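Undergrad: My questions all concern the structure below.
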Amino acid sequence: MKTLVIIGAGFSGTVAAVEFLRCAPAGARLIIINRSGSIARGLAYGTSSSQHLLNVPAGNMTALVDEPDSFLRYCQSSLPETTESSFISRKSYGDYLASLLDSAELNAKKKTNVERITSEVKSLTPQENGALVELCSGKKIFTDQVILAFGHFPPRTPPLLQQVINTPIYMADPWSGPVSTLENSNSPILLIGGGLTALDVISSLRQTAHTGQIYMLSRRGLLPLAHRTTKNGSLPAASFREKLLKAEPTALNYFRLIKAQVKSSAKSGANWRDVIAAVRPITSDLWIKLPESERRRFLRHAQPYWDVHRHRVAPETHKHFKDEFDKKKITAIAGRIKSVDVCRDSALVTIQLRNTHTIKQIKIDRIINCTGPSSNPEHIKEPLIQQLINDGLISVDNQGLGLIVDNNLAVKSKDGSPSEWLSYVGPMLKASFWEATAVPELRLYASALAKKVSRKLSSTQD
């Protein structure tokens, strides 16, 4: 019996499983291994808060490449007023993904054996024509193919916060538990980071009746931007994309061309969001063309500006944030931490403001790390990931963005050879393709990989 093991059951693992079940060869076996036991949740969709909304409108959130209205129909079955422009709760999206897998499993029941295992994988060992999967429980499984579907991992703690890492003042992972366990609901709180994670934390804090001052510290002090409520512009001409693709591949050239297009598009009534939307389909091509030195330059100088424009938030989420920001209940600070002095249940944080020698000090009762998920496998202290690195079965890119894969998503070993049995799908594809962290791209990668594995299993059927 030909077997596929998928490790991880967040978005990528769930969609890869669904797509595989739709095209799997007769008699195949699918084993989904997930340590939490919660299918289709992961960091993004594991929230129970109705105020944590998707950052993409419902009309573009289908998980199925060949069913563009799948998610919209699912929403309208219980909320008929849902439109393509609606921003739905992330919890509902998790429910949708779980329902897709349940349905796919039921439909494939007669030809495919499906097993869901709640456990942690300890190691993967290459075998002839496949691999041996060893679980922390001691169970061993032989499989022909493995898809790693690691999602997001907790953020890294900045060096200057190492001294508070084991104190009640510091929360290293905002998704590890309730964000506010403070007795005083008026306690001042410092968020390290000012992006999407920070907005989620602010929402959770306010839901728990926290009323204290919130500081958002980031290197540049950039504020989140919102999706527009109505679309009244149009995409730039195809010649704009052609110009980008033909340009000398440098971060500065890309930046100048995009900035010029934003300026010229505004004259015809288009929005800068239309320009970003026009770039999105070729972002991976642009990234692949960049030399290593230019990738480093982009990450060092331009990434924060790209991220804030590319990864926008739901209008409702942004409105709540803007209301509090305008009332001075949220303060954005551009700078970096110089020191943290702990005194009992609070801390005095010393910050050097950006581009100045000015020092600002704030007294806070809690520091929450909102720098975003870590995608560098070398910094992730998970037994399986460390084993794969130590055994040379996977390789990490020079920028620490994720795993190196080939165009078919087969992981590359330490010596650069693509694996015959081990593939990856998930946000760590950012290393190779950059645009690989959101649903519209990940669904394409998951579908293509599932079909590739199915073909491989079909060609080697006994």
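Chain labels run A, B, ... following the order of the structure tokens; each chain numbers its residues from 1, and ligands are numbered from 1 in the order shown.
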What lies within 9 Å of Phe87 of chain A using only C-alpha atoms, ignoring chain neighbours under 4 positions off, as a compact mmCIF listing (two decimals) with N, CA, C and O atoms, in the first residue's frame?

TA:
```
# COMPACT_ATOMS: atom_id res chain seq x y z
N LEU A 53 -9.89 38.94 12.59
CA LEU A 53 -10.43 38.78 11.23
C LEU A 53 -9.34 38.40 10.24
O LEU A 53 -8.16 38.69 10.44
N LEU A 54 -9.77 37.75 9.16
CA LEU A 54 -8.87 37.47 8.05
C LEU A 54 -8.37 38.80 7.46
O LEU A 54 -9.08 39.80 7.50
N ASN A 55 -7.17 38.77 6.89
CA ASN A 55 -6.62 39.97 6.28
C ASN A 55 -6.84 40.01 4.77
O ASN A 55 -6.29 40.88 4.09
N VAL A 56 -7.62 39.06 4.28
CA VAL A 56 -7.96 38.99 2.86
C VAL A 56 -9.48 38.83 2.74
O VAL A 56 -10.08 38.08 3.53
N PRO A 57 -10.14 39.51 1.82
CA PRO A 57 -11.60 39.39 1.67
C PRO A 57 -12.02 37.96 1.34
O PRO A 57 -11.25 37.19 0.74
N ALA A 58 -13.24 37.62 1.71
CA ALA A 58 -13.75 36.25 1.55
C ALA A 58 -13.68 35.77 0.11
O ALA A 58 -13.46 34.58 -0.15
N THR A 82 -23.02 37.61 3.46
CA THR A 82 -21.59 37.65 3.15
C THR A 82 -21.38 37.94 1.66
O THR A 82 -22.03 37.34 0.81
N THR A 83 -20.45 38.84 1.37
CA THR A 83 -20.12 39.16 -0.02
C THR A 83 -18.63 38.87 -0.25
O THR A 83 -17.89 38.55 0.68
N ALA A 314 -7.97 44.11 7.82
CA ALA A 314 -9.39 44.35 7.56
C ALA A 314 -9.76 45.77 7.99
O ALA A 314 -9.27 46.26 9.01
N PRO A 315 -10.63 46.45 7.22
CA PRO A 315 -11.01 47.82 7.56
C PRO A 315 -11.54 47.96 8.99
O PRO A 315 -11.22 48.94 9.67
N GLU A 316 -12.34 47.00 9.43
CA GLU A 316 -12.90 47.07 10.78
C GLU A 316 -11.80 47.00 11.83
O GLU A 316 -11.82 47.75 12.83
```

Undergrad: Please provide the set of residues having any atom within 7 Å of Ala334 of chain A, restricted to only C-alpha atoms, with same-chain residues fewer than 6 positions apart removed, written as a PyMOL selection string.

TA: chain A and resi 217-221+353-354

Undergrad: Identify which of the residues A:Lys111, A:Gly8, A:Pro178, A:Leu191 lies closest to Arg22 of chain A, counting only C-alpha atoms when measuring atom-to-atom distances.

TA: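 Residue with the minimum atom-to-atom distance to Arg22 of chain A: A:Lys111.
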
Undergrad: Would you mind telling me which residue in A:His320, A:Val164, A:Ala226, A:Gln303 lies nearest to Leu348 of chain A when using only C-alpha atoms?

TA: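 The shortest atom-to-atom distance to Leu348 of chain A comes from A:Val164.
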
Undergrad: Among the residues of segment 75-306 of chain A, find those DSSP assigns to strand (DSSP E or B) from the backbone and print them as a CSV table (one decimal) with N, CA, C and O atoms, in the first residue's frame.

TA:
```csv
chain,number,residue,atom,x,y,z
A,89,SER,N,-14.1,36.1,10.3
A,89,SER,CA,-13.3,35.7,11.4
A,89,SER,C,-12.3,34.6,11.0
A,89,SER,O,-12.7,33.7,10.3
A,113,ASN,N,-7.2,4.9,2.3
A,113,ASN,CA,-7.2,4.8,3.8
A,113,ASN,C,-6.6,6.0,4.4
A,113,ASN,O,-5.5,6.4,4.1
A,114,VAL,N,-7.4,6.6,5.3
A,114,VAL,CA,-6.9,7.9,6.0
A,114,VAL,C,-6.8,7.6,7.5
A,114,VAL,O,-7.7,7.1,8.1
A,115,GLU,N,-5.7,8.0,8.0
A,115,GLU,CA,-5.5,7.9,9.4
A,115,GLU,C,-4.9,9.3,10.0
A,115,GLU,O,-4.0,9.9,9.4
A,116,ARG,N,-5.6,9.7,11.0
A,116,ARG,CA,-5.1,10.9,11.7
A,116,ARG,C,-4.4,10.6,13.0
A,116,ARG,O,-5.0,9.9,13.8
A,117,ILE,N,-3.2,11.0,13.2
A,117,ILE,CA,-2.5,10.7,14.4
A,117,ILE,C,-2.1,11.9,15.2
A,117,ILE,O,-1.5,12.9,14.6
A,121,VAL,N,6.4,14.1,15.8
A,121,VAL,CA,7.4,13.3,15.1
A,121,VAL,C,8.8,13.5,15.7
A,121,VAL,O,9.2,14.7,15.8
A,122,LYS,N,9.5,12.5,16.0
A,122,LYS,CA,10.8,12.6,16.6
A,122,LYS,C,11.9,12.6,15.5
A,122,LYS,O,12.8,13.4,15.6
A,123,SER,N,11.7,11.8,14.5
A,123,SER,CA,12.8,11.7,13.4
A,123,SER,C,12.3,11.1,12.1
A,123,SER,O,11.3,10.4,12.1
A,124,LEU,N,13.0,11.5,11.1
A,124,LEU,CA,12.8,10.9,9.8
A,124,LEU,C,14.1,10.2,9.3
A,124,LEU,O,15.1,10.9,9.3
A,125,THR,N,14.0,9.0,8.9
A,125,THR,CA,15.2,8.3,8.5
A,125,THR,C,15.0,7.7,7.1
A,125,THR,O,14.1,7.0,6.8
A,126,PRO,N,15.9,8.1,6.1
A,126,PRO,CA,15.7,7.6,4.8
A,126,PRO,C,15.8,6.0,4.8
A,126,PRO,O,16.6,5.5,5.5
A,127,GLN,N,15.0,5.4,4.0
A,127,GLN,CA,15.0,4.0,3.7
A,127,GLN,C,15.0,3.8,2.2
A,127,GLN,O,14.7,4.7,1.5
A,130,GLY,N,11.8,5.2,0.3
A,130,GLY,CA,11.0,5.9,1.2
A,130,GLY,C,11.7,6.4,2.5
A,130,GLY,O,12.9,6.7,2.5
A,131,ALA,N,10.9,6.4,3.6
A,131,ALA,CA,11.5,6.8,4.9
A,131,ALA,C,10.8,6.1,6.0
A,131,ALA,O,9.7,5.7,5.9
A,132,LEU,N,11.5,6.1,7.2
A,132,LEU,CA,10.9,5.6,8.4
A,132,LEU,C,10.6,6.8,9.3
A,132,LEU,O,11.5,7.7,9.6
A,133,VAL,N,9.3,6.9,9.7
A,133,VAL,CA,8.9,8.0,10.5
A,133,VAL,C,8.8,7.5,12.0
A,133,VAL,O,8.0,6.5,12.2
A,134,GLU,N,9.5,8.1,12.9
A,134,GLU,CA,9.5,7.7,14.3
A,134,GLU,C,8.8,8.7,15.1
A,134,GLU,O,9.2,9.9,15.1
A,135,LEU,N,7.8,8.3,15.8
A,135,LEU,CA,7.0,9.3,16.7
A,135,LEU,C,7.6,9.3,18.1
A,135,LEU,O,8.3,8.3,18.5
A,140,LYS,N,6.6,3.5,14.9
A,140,LYS,CA,7.3,3.7,13.7
A,140,LYS,C,6.5,3.4,12.5
A,140,LYS,O,5.7,2.4,12.5
A,141,ILE,N,6.6,4.2,11.5
A,141,ILE,CA,5.8,4.1,10.3
A,141,ILE,C,6.7,4.2,9.0
A,141,ILE,O,7.4,5.1,8.9
A,142,PHE,N,6.5,3.2,8.1
A,142,PHE,CA,7.2,3.3,6.9
A,142,PHE,C,6.3,4.0,5.9
A,142,PHE,O,5.2,3.7,5.8
A,143,THR,N,6.9,4.9,5.1
A,143,THR,CA,6.1,5.7,4.2
A,143,THR,C,6.9,5.9,2.9
A,143,THR,O,8.2,5.9,2.9
A,145,GLN,N,6.3,8.6,0.8
A,145,GLN,CA,6.5,10.0,0.6
A,145,GLN,C,6.2,10.8,1.9
A,145,GLN,O,5.3,10.3,2.7
A,146,VAL,N,6.9,11.9,2.2
A,146,VAL,CA,6.6,12.7,3.3
A,146,VAL,C,6.5,14.1,2.8
A,146,VAL,O,7.3,14.6,2.1
A,147,ILE,N,5.4,14.8,3.3
A,147,ILE,CA,5.3,16.2,3.1
A,147,ILE,C,5.4,16.9,4.4
A,147,ILE,O,4.6,16.7,5.4
A,148,LEU,N,6.4,17.7,4.6
A,148,LEU,CA,6.5,18.6,5.8
A,148,LEU,C,5.6,19.8,5.6
A,148,LEU,O,5.7,20.5,4.5
A,153,PHE,N,6.2,29.3,13.7
A,153,PHE,CA,6.8,29.0,15.1
A,153,PHE,C,6.9,30.3,15.8
A,153,PHE,O,6.9,31.4,15.3
A,170,TYR,N,7.7,39.3,31.0
A,170,TYR,CA,7.8,39.1,29.5
A,170,TYR,C,7.0,37.9,29.0
A,170,TYR,O,6.9,36.9,29.6
A,171,MET,N,6.4,38.2,27.9
A,171,MET,CA,5.6,37.1,27.2
A,171,MET,C,6.3,36.9,25.8
A,171,MET,O,6.2,37.7,24.9
A,189,ILE,N,1.5,48.5,28.9
A,189,ILE,CA,2.1,47.3,28.2
A,189,ILE,C,2.9,47.8,27.0
A,189,ILE,O,2.5,48.7,26.3
A,190,LEU,N,4.1,47.1,26.8
A,190,LEU,CA,4.9,47.4,25.7
A,190,LEU,C,4.9,46.2,24.7
A,190,LEU,O,5.1,45.1,25.1
A,191,LEU,N,4.5,46.5,23.5
A,191,LEU,CA,4.5,45.5,22.4
A,191,LEU,C,5.8,45.7,21.5
A,191,LEU,O,6.0,46.8,21.1
A,192,ILE,N,6.6,44.7,21.4
A,192,ILE,CA,7.7,44.7,20.5
A,192,ILE,C,7.3,44.3,19.1
A,192,ILE,O,7.1,43.2,18.8
A,214,ILE,N,-0.9,51.4,25.8
A,214,ILE,CA,-0.2,50.4,25.0
A,214,ILE,C,0.9,51.1,24.2
A,214,ILE,O,0.5,52.1,23.4
A,215,TYR,N,2.1,50.7,24.3
A,215,TYR,CA,3.2,51.2,23.5
A,215,TYR,C,3.6,50.2,22.4
A,215,TYR,O,3.7,49.0,22.7
A,216,MET,N,3.7,50.6,21.2
A,216,MET,CA,4.2,49.8,20.1
A,216,MET,C,5.5,50.2,19.6
A,216,MET,O,5.7,51.3,19.1
A,217,LEU,N,6.5,49.4,19.9
A,217,LEU,CA,7.9,49.7,19.5
A,217,LEU,C,8.4,49.0,18.3
A,217,LEU,O,8.3,47.7,18.3
A,218,SER,N,8.9,49.7,17.3
A,218,SER,CA,9.5,49.0,16.1
A,218,SER,C,10.6,49.9,15.6
A,218,SER,O,10.7,51.1,16.0
A,226,ALA,N,-4.8,49.6,6.0
A,226,ALA,CA,-6.0,48.9,5.9
A,226,ALA,C,-6.3,48.6,4.4
A,226,ALA,O,-5.9,49.3,3.5
```

Undergrad: What does the distance from atom CA of His301 of chain A to atom CA of Leu429 of chain A come to in Å, to one decimal?

TA: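 Atom CA of Leu429 of chain A lies 21.4 Å from atom CA of His301 of chain A.
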